[in-house]
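> The following block contains the structure, expressed as structure tokens.
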Amino acid sequence: MATKALTHVAPRARRDQVSLEVTPRQGGGWRELLTEEDGDAIWDKLSHLVRSSHANPQATSDLTTQELFLHLLTSGRFRAYIELGFSEDEIGLDILSCLPEQPRRD
């Protein structure tokens, strides 16, 4: 099966340029998704955040998303965000702080 190569459109955003805004594709905000306990939607939003903040191949982004999801779930962060009244921006920034630093390719 032949596939067409992807066309490079723009460089990926660096971590400090990642938008925490909700896009229509992502569904609701963090608080809404966590309150509803919608695992698939939370995964999709985390995956989008990881891909936006890392210049890694898809396979590495998937592994990073999996590790991040498990860390946030097992550490009780998802529950704490709601119980402690974190805002959308505070949740997004805290999740970004949990991402491992990636070496820059300059």
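Ordering of the structure tokens sets the chain letters (A, B, ...); residue numbers start at 1 within each chain; ligands are numbered from 1 in the order shown.
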List the neighbours of Ala80 (chain A) out to 12 Å using only C-alpha atoms; skip same-chain residues closer than 4 positions along the sequence, and give me the result as a PyMOL selection string.
chain A and resi 31+34-35+72-76+84-87+90-91+94
> Keeping only C-alpha atoms, write the selected residues as a short mmCIF file (atom, residue, chain, number, x, y, z; two decimals), in the first residue's frame.

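Here's the written file result.cif:
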data_model
loop_
_atom_site.label_atom_id
_atom_site.label_comp_id
_atom_site.auth_asym_id
_atom_site.auth_seq_id
_atom_site.Cartn_x
_atom_site.Cartn_y
_atom_site.Cartn_z
CA ARG A 31 -12.17 20.39 34.67
CA LEU A 34 -11.92 15.19 34.80
CA THR A 35 -15.29 15.69 36.49
CA LEU A 72 -1.29 11.61 36.71
CA LEU A 73 -3.77 8.82 37.48
CA THR A 74 -1.69 6.88 40.03
CA SER A 75 -0.42 10.00 41.81
CA GLY A 76 -4.00 11.23 42.33
CA LEU A 84 -8.30 21.73 45.16
CA GLY A 85 -10.17 23.91 42.65
CA PHE A 86 -7.40 24.23 40.04
CA SER A 87 -8.31 26.50 37.11
CA GLU A 90 -3.34 25.78 36.39
CA ILE A 91 -4.20 22.22 35.36
CA ASP A 94 0.89 21.50 36.08
#
> Any idea what's packed within 12 Å of Gly39 (chain A), counting only C-alpha atoms, ignoring anything in its chain fewer than 4 positions away? Could you give it as a ChimeraX atom specification?
/A:30,32-35,43-47,69-70,73,78
> Taking only C-alpha atoms into account, name the residue in A:Val50, A:Glu37, A:Ile82, A:Leu63 that is nearest to Ser97 (chain A).
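Using only C-alpha atoms, the shortest distance to Ser97 (chain A) belongs to A:Val50.
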